Amino acid sequence: MGKYTALMKALRDRELTSEGSLHEPAPAPLDTLALAHHAHYVDQVINNCVPPEIEREIGFAVDERVSRRASLATAGTLLAARLALKCGIACNTAGGSHHARRAHGTGFCTFNDVGVAASALLGEGMGRILVVDLDVHQGDGTADIFAREPRVFTFSMHGANNYPARKIASDLDIGLPDGTGDAGYLAALAEALPRLLDAGLPEIVFYNAGIDPHGEDRLGRMTLSDDGLRRRDRMVIEFFRARSIPVCGVIGGGYSRDIASLGKRHAILFETASDFA
């Protein structure tokens with residue numbers, strides 16, 4: 001949990017927290033959360049009565065603090081999406097909880113913030129949304145939520161042999177082998193990006209910029225460098241902003257005992273995004 005504080009420190013050190021650049025959401029309303037999750041599960045989280053078997057799926061107990069954080073992080077992604085539609089690009093300093101499914105959370109994810117935010121925009125009349133998930137773990141929860149929603153195209157590029165063991169098919173999945181480094185990763189991404197526009201231009205892109213493909217990540221099994229992550233983020237953001245498509249970034253996963261380094265790596269997304277603001 002300390003990486004979120006470390007990220008904010010890294011953003012301040014890089015002078016990316018000037019007046020007007022930070023926005024704080026209120027907790028997401030229950031009816032908004034229920035756009036992507038079963039209402040019964042939402043009630044369980046908000047009232048801190050998640051059954052033990054689901055808490056085991058999530059990986060921790062859901063108490064008042066966890067519930068509030070999940071609600072705020074989800075609201076932050078929806079707020080960032082609205083800001084992106086207005087300004088072209090905006091990023092949440094949390095989010096990317098892509099394992100949470102419609103029925104319940106799992107894999108350290110309580111609410112699926114991208115799932116909720118995209119569902120809210122669809123309810124307001126948006127016609128086409130693209131999810132670009134580059135966390136090292138497959139975006140199974142997001143794929144589950146939008147499995148029967150043709151207006152949302154889900155793309156996940158991840159470790160083929162990494163979590164989850166049983167994946168839920170996205171609209172496009174690319175599984176990479178363990179040990180993939182900068183060159184192989186970026187080549188696969190460059191080949192994939194044009195394919196995401198085959199069905200037309202989306203009205204917004206949700207970009208999960210997980211830093212767990214990094215070579216020093218405890219759970220990633222890949223070997224990307226800091227420069228590789230930076231080049232990845234620039235490739236994605238530049239591709240869509242060159243086509244005037246708004247981009248909403250979320251930070252996704254990152255796992256290390258070196259919390260300061262995690263914060264600095266997550267800050268790469270915001271540094272890159274600032275070049276397109």
# chains A, B, ... in the order shown; residues from 1 in each chain; ligands from 1
>>> residues_around(residues="Leu134 in chain A", least_positions_apart="5", cutoff="9 Å", atoms="only C-alpha atoms", output="number ranges by chain")
A: 139, 155-158, 207-211, 213, 252
>>> select_by_dssp(residues="range 113-274 of chain A", states="strand (DSSP E)", output="CSV table (one decimal) with N, CA and C atoms, in the first residue's frame")
chain,number,residue,atom,x,y,z
A,129,ILE,N,-15.7,2.0,-26.7
A,129,ILE,CA,-14.7,2.2,-25.7
A,129,ILE,C,-13.7,1.1,-26.0
A,130,LEU,N,-12.4,1.5,-25.8
A,130,LEU,CA,-11.3,0.5,-25.9
A,130,LEU,C,-10.5,0.4,-24.6
A,131,VAL,N,-10.3,-0.8,-24.1
A,131,VAL,CA,-9.4,-1.0,-22.9
A,131,VAL,C,-8.1,-1.6,-23.4
A,132,VAL,N,-7.0,-0.9,-23.1
A,132,VAL,CA,-5.7,-1.4,-23.4
A,132,VAL,C,-5.0,-1.8,-22.1
A,133,ASP,N,-4.9,-3.1,-21.8
A,133,ASP,CA,-4.4,-3.5,-20.5
A,133,ASP,C,-3.0,-4.1,-20.7
A,152,VAL,N,-17.6,-2.3,-26.1
A,152,VAL,CA,-16.3,-2.2,-25.4
A,152,VAL,C,-15.4,-3.3,-26.0
A,153,PHE,N,-14.2,-2.9,-26.5
A,153,PHE,CA,-13.2,-3.9,-27.0
A,153,PHE,C,-12.1,-4.0,-25.9
A,154,THR,N,-11.9,-5.2,-25.4
A,154,THR,CA,-10.9,-5.4,-24.4
A,154,THR,C,-9.6,-6.1,-25.0
A,155,PHE,N,-8.5,-5.5,-24.7
A,155,PHE,CA,-7.2,-6.0,-25.2
A,155,PHE,C,-6.3,-6.1,-24.0
A,156,SER,N,-5.7,-7.3,-23.9
A,156,SER,CA,-4.7,-7.6,-22.8
A,156,SER,C,-3.5,-8.2,-23.3
A,157,MET,N,-2.3,-7.6,-23.0
A,157,MET,CA,-1.0,-8.2,-23.4
A,157,MET,C,-0.3,-8.5,-22.1
A,158,HIS,N,0.0,-9.7,-21.8
A,158,HIS,CA,0.4,-10.1,-20.4
A,158,HIS,C,1.3,-11.4,-20.5
A,159,GLY,N,1.8,-11.8,-19.4
A,159,GLY,CA,2.6,-13.0,-19.3
A,159,GLY,C,1.7,-14.2,-19.5
A,172,LEU,N,-9.1,-9.4,-27.6
A,172,LEU,CA,-7.8,-9.7,-28.1
A,172,LEU,C,-6.8,-10.0,-26.9
A,173,ASP,N,-6.2,-11.1,-26.9
A,173,ASP,CA,-5.2,-11.5,-25.9
A,173,ASP,C,-3.9,-11.8,-26.6
A,174,ILE,N,-2.8,-11.3,-26.0
A,174,ILE,CA,-1.5,-11.6,-26.5
A,174,ILE,C,-0.7,-12.1,-25.2
A,175,GLY,N,-0.4,-13.4,-25.2
A,175,GLY,CA,0.4,-13.9,-24.1
A,175,GLY,C,1.8,-14.0,-24.4
A,176,LEU,N,2.7,-13.4,-23.6
A,176,LEU,CA,4.1,-13.3,-23.9
A,176,LEU,C,4.9,-14.3,-23.0
A,204,ILE,N,-12.9,6.8,-26.3
A,204,ILE,CA,-12.0,6.9,-25.2
A,204,ILE,C,-11.2,5.6,-25.1
A,205,VAL,N,-10.0,5.7,-24.6
A,205,VAL,CA,-9.1,4.5,-24.3
A,205,VAL,C,-8.8,4.5,-22.8
A,206,PHE,N,-9.1,3.4,-22.2
A,206,PHE,CA,-8.6,3.2,-20.8
A,206,PHE,C,-7.3,2.4,-20.9
A,207,TYR,N,-6.3,3.0,-20.4
A,207,TYR,CA,-4.9,2.4,-20.5
A,207,TYR,C,-4.4,1.9,-19.1
A,208,ASN,N,-4.3,0.6,-18.9
A,208,ASN,CA,-3.8,0.1,-17.7
A,208,ASN,C,-2.3,0.0,-17.8
A,247,VAL,N,-7.3,9.6,-23.7
A,247,VAL,CA,-6.7,8.5,-23.0
A,247,VAL,C,-6.9,8.7,-21.5
A,248,CYS,N,-7.4,7.7,-20.8
A,248,CYS,CA,-7.5,7.7,-19.4
A,248,CYS,C,-6.6,6.6,-18.8
A,249,GLY,N,-5.5,7.0,-18.1
A,249,GLY,CA,-4.6,6.1,-17.6
A,249,GLY,C,-4.8,5.7,-16.1
A,250,VAL,N,-4.5,4.4,-15.8
A,250,VAL,CA,-4.6,3.9,-14.5
A,250,VAL,C,-3.3,3.2,-14.2
>>> residues_around(residues="Asn161 in chain A", least_positions_apart="2", cutoff="12 Å", atoms="only C-alpha atoms", output="ChimeraX atom specification")
/A:136-138,157-159,163-167,174-180,219-222
>>> write_last_selection(atoms="N, CA and C atoms", output="mmCIF file, in the first residue's frame")
data_model
loop_
_atom_site.group_PDB
_atom_site.id
_atom_site.type_symbol
_atom_site.label_atom_id
_atom_site.label_comp_id
_atom_site.auth_asym_id
_atom_site.auth_seq_id
_atom_site.Cartn_x
_atom_site.Cartn_y
_atom_site.Cartn_z
ATOM 1 N N VAL A 136 1.102 -7.013 -16.318
ATOM 2 C CA VAL A 136 1.696 -8.312 -16.659
ATOM 3 C C VAL A 136 0.727 -9.468 -16.457
ATOM 4 N N HIS A 137 -0.348 -9.228 -15.695
ATOM 5 C CA HIS A 137 -1.363 -10.250 -15.460
ATOM 6 C C HIS A 137 -2.577 -9.988 -16.352
ATOM 7 N N GLN A 138 -3.154 -11.031 -16.878
ATOM 8 C CA GLN A 138 -4.265 -10.878 -17.819
ATOM 9 C C GLN A 138 -5.477 -10.225 -17.162
ATOM 10 N N MET A 157 -2.333 -7.616 -23.034
ATOM 11 C CA MET A 157 -1.032 -8.216 -23.370
ATOM 12 C C MET A 157 -0.322 -8.480 -22.052
ATOM 13 N N HIS A 158 0.023 -9.717 -21.787
ATOM 14 C CA HIS A 158 0.392 -10.149 -20.450
ATOM 15 C C HIS A 158 1.319 -11.353 -20.528
ATOM 16 N N GLY A 159 1.775 -11.811 -19.373
ATOM 17 C CA GLY A 159 2.563 -13.030 -19.305
ATOM 18 C C GLY A 159 1.689 -14.248 -19.515
ATOM 19 N N TYR A 163 -0.389 -15.280 -13.576
ATOM 20 C CA TYR A 163 -1.748 -15.228 -13.028
ATOM 21 C C TYR A 163 -2.687 -14.474 -13.966
ATOM 22 N N PRO A 164 -3.946 -14.883 -14.084
ATOM 23 C CA PRO A 164 -4.581 -16.054 -13.484
ATOM 24 C C PRO A 164 -4.309 -17.325 -14.287
ATOM 25 N N ALA A 165 -4.342 -18.457 -13.595
ATOM 26 C CA ALA A 165 -4.094 -19.721 -14.285
ATOM 27 C C ALA A 165 -5.178 -19.992 -15.332
ATOM 28 N N ARG A 166 -6.427 -19.694 -14.959
ATOM 29 C CA ARG A 166 -7.539 -19.832 -15.910
ATOM 30 C C ARG A 166 -7.972 -18.447 -16.347
ATOM 31 N N LYS A 167 -7.667 -18.108 -17.566
ATOM 32 C CA LYS A 167 -7.942 -16.775 -18.069
ATOM 33 C C LYS A 167 -9.324 -16.708 -18.704
ATOM 34 N N ILE A 174 -2.842 -11.271 -26.007
ATOM 35 C CA ILE A 174 -1.500 -11.640 -26.452
ATOM 36 C C ILE A 174 -0.732 -12.089 -25.221
ATOM 37 N N GLY A 175 -0.398 -13.365 -25.174
ATOM 38 C CA GLY A 175 0.382 -13.895 -24.069
ATOM 39 C C GLY A 175 1.845 -13.975 -24.441
ATOM 40 N N LEU A 176 2.692 -13.370 -23.625
ATOM 41 C CA LEU A 176 4.128 -13.333 -23.888
ATOM 42 C C LEU A 176 4.853 -14.318 -22.977
ATOM 43 N N PRO A 177 5.975 -14.873 -23.443
ATOM 44 C CA PRO A 177 6.694 -15.854 -22.621
ATOM 45 C C PRO A 177 7.431 -15.193 -21.459
ATOM 46 N N ASP A 178 7.687 -15.985 -20.416
ATOM 47 C CA ASP A 178 8.520 -15.523 -19.316
ATOM 48 C C ASP A 178 9.868 -15.053 -19.862
ATOM 49 N N GLY A 179 10.406 -13.996 -19.255
ATOM 50 C CA GLY A 179 11.700 -13.482 -19.660
ATOM 51 C C GLY A 179 11.665 -12.472 -20.783
ATOM 52 N N THR A 180 10.483 -12.157 -21.316
ATOM 53 C CA THR A 180 10.376 -11.173 -22.390
ATOM 54 C C THR A 180 10.984 -9.837 -21.943
ATOM 55 N N LEU A 219 6.607 -10.326 -9.069
ATOM 56 C CA LEU A 219 5.600 -11.228 -9.619
ATOM 57 C C LEU A 219 5.546 -11.237 -11.142
ATOM 58 N N GLY A 220 6.411 -10.477 -11.803
ATOM 59 C CA GLY A 220 6.217 -10.244 -13.225
ATOM 60 C C GLY A 220 6.762 -11.286 -14.171
ATOM 61 N N ARG A 221 7.937 -11.844 -13.866
ATOM 62 C CA ARG A 221 8.588 -12.849 -14.711
ATOM 63 C C ARG A 221 9.046 -12.307 -16.055
ATOM 64 N N MET A 222 9.030 -10.985 -16.241
ATOM 65 C CA MET A 222 9.553 -10.373 -17.459
ATOM 66 C C MET A 222 10.779 -9.543 -17.108
#
>>> select_by_dssp(residues="range 60-243 of chain A", states="helix (DSSP H, G or I)", output="JSON, numbers by chain")
{"A": [64, 65, 66, 67, 68, 69, 70, 71, 72, 73, 74, 75, 76, 77, 78, 79, 80, 81, 82, 83, 84, 85, 86, 87, 113, 114, 115, 116, 117, 118, 119, 120, 121, 122, 123, 140, 141, 142, 143, 144, 145, 182, 183, 184, 185, 186, 187, 188, 189, 190, 191, 192, 193, 194, 195, 196, 197, 226, 227, 228, 229, 230, 231, 232, 233, 234, 235, 236, 237, 238, 239, 240, 241]}
>>> closest_residue(among="A:Thr110, A:Ser170, A:Ser18, A:Ser261", to="Thr5 in chain A", atoms="only C-alpha atoms")
A:Ser261
>>> residues_around(residues="range 63-80 of chain A", least_positions_apart="5", cutoff="10 Å", atoms="only C-alpha atoms", output="PyMOL selection string")
chain A and resi 23-30+32-33+42+44-50+85-87+89-97+109-121+206+247-250
>>> residues_around(residues="Asp233 in chain A", least_positions_apart="5", cutoff="8 Å", atoms="only C-alpha atoms", output="MDAnalysis selection string")
chainID A and resid 209 268:269 272
>>> write_last_selection(atoms="N, CA and C atoms", output="short mmCIF file (atom, residue, chain, number, x, y, z; two decimals), in the first residue's frame")
data_model
loop_
_atom_site.label_atom_id
_atom_site.label_comp_id
_atom_site.auth_asym_id
_atom_site.auth_seq_id
_atom_site.Cartn_x
_atom_site.Cartn_y
_atom_site.Cartn_z
N ALA A 209 -1.51 0.85 -17.18
CA ALA A 209 -0.05 0.92 -17.35
C ALA A 209 0.67 0.21 -16.20
N ILE A 268 6.31 7.20 -14.18
CA ILE A 268 6.64 7.27 -15.62
C ILE A 268 5.39 7.54 -16.45
N LEU A 269 4.27 6.91 -16.08
CA LEU A 269 3.02 7.15 -16.79
C LEU A 269 2.66 8.62 -16.79
N THR A 272 5.08 10.83 -18.84
CA THR A 272 4.79 10.69 -20.28
C THR A 272 3.50 11.39 -20.65
#
>>> atom_distance(atom1="CA of Lys3 in chain A", atom2="CA of Arg231 in chain A")
21.9 Å
>>> residues_around(residues="Ala183 in chain A", least_positions_apart="4", cutoff="10 Å", atoms="only C-alpha atoms", output="ChimeraX atom specification")
/A:187-188,224,228
>>> closest_residue(among="A:Ala34, A:Ile168, A:Leu197, A:Ala267", to="Arg14 in chain A", atoms="only C-alpha atoms")
A:Ala267
>>> residues_around(residues="Ala10 in chain A", least_positions_apart="5", cutoff="10 Å", atoms="only C-alpha atoms", output="JSON, numbers by chain")
{"A": [4, 5, 15, 16, 17, 260, 261, 262, 263, 264, 265, 266, 267, 268, 270]}
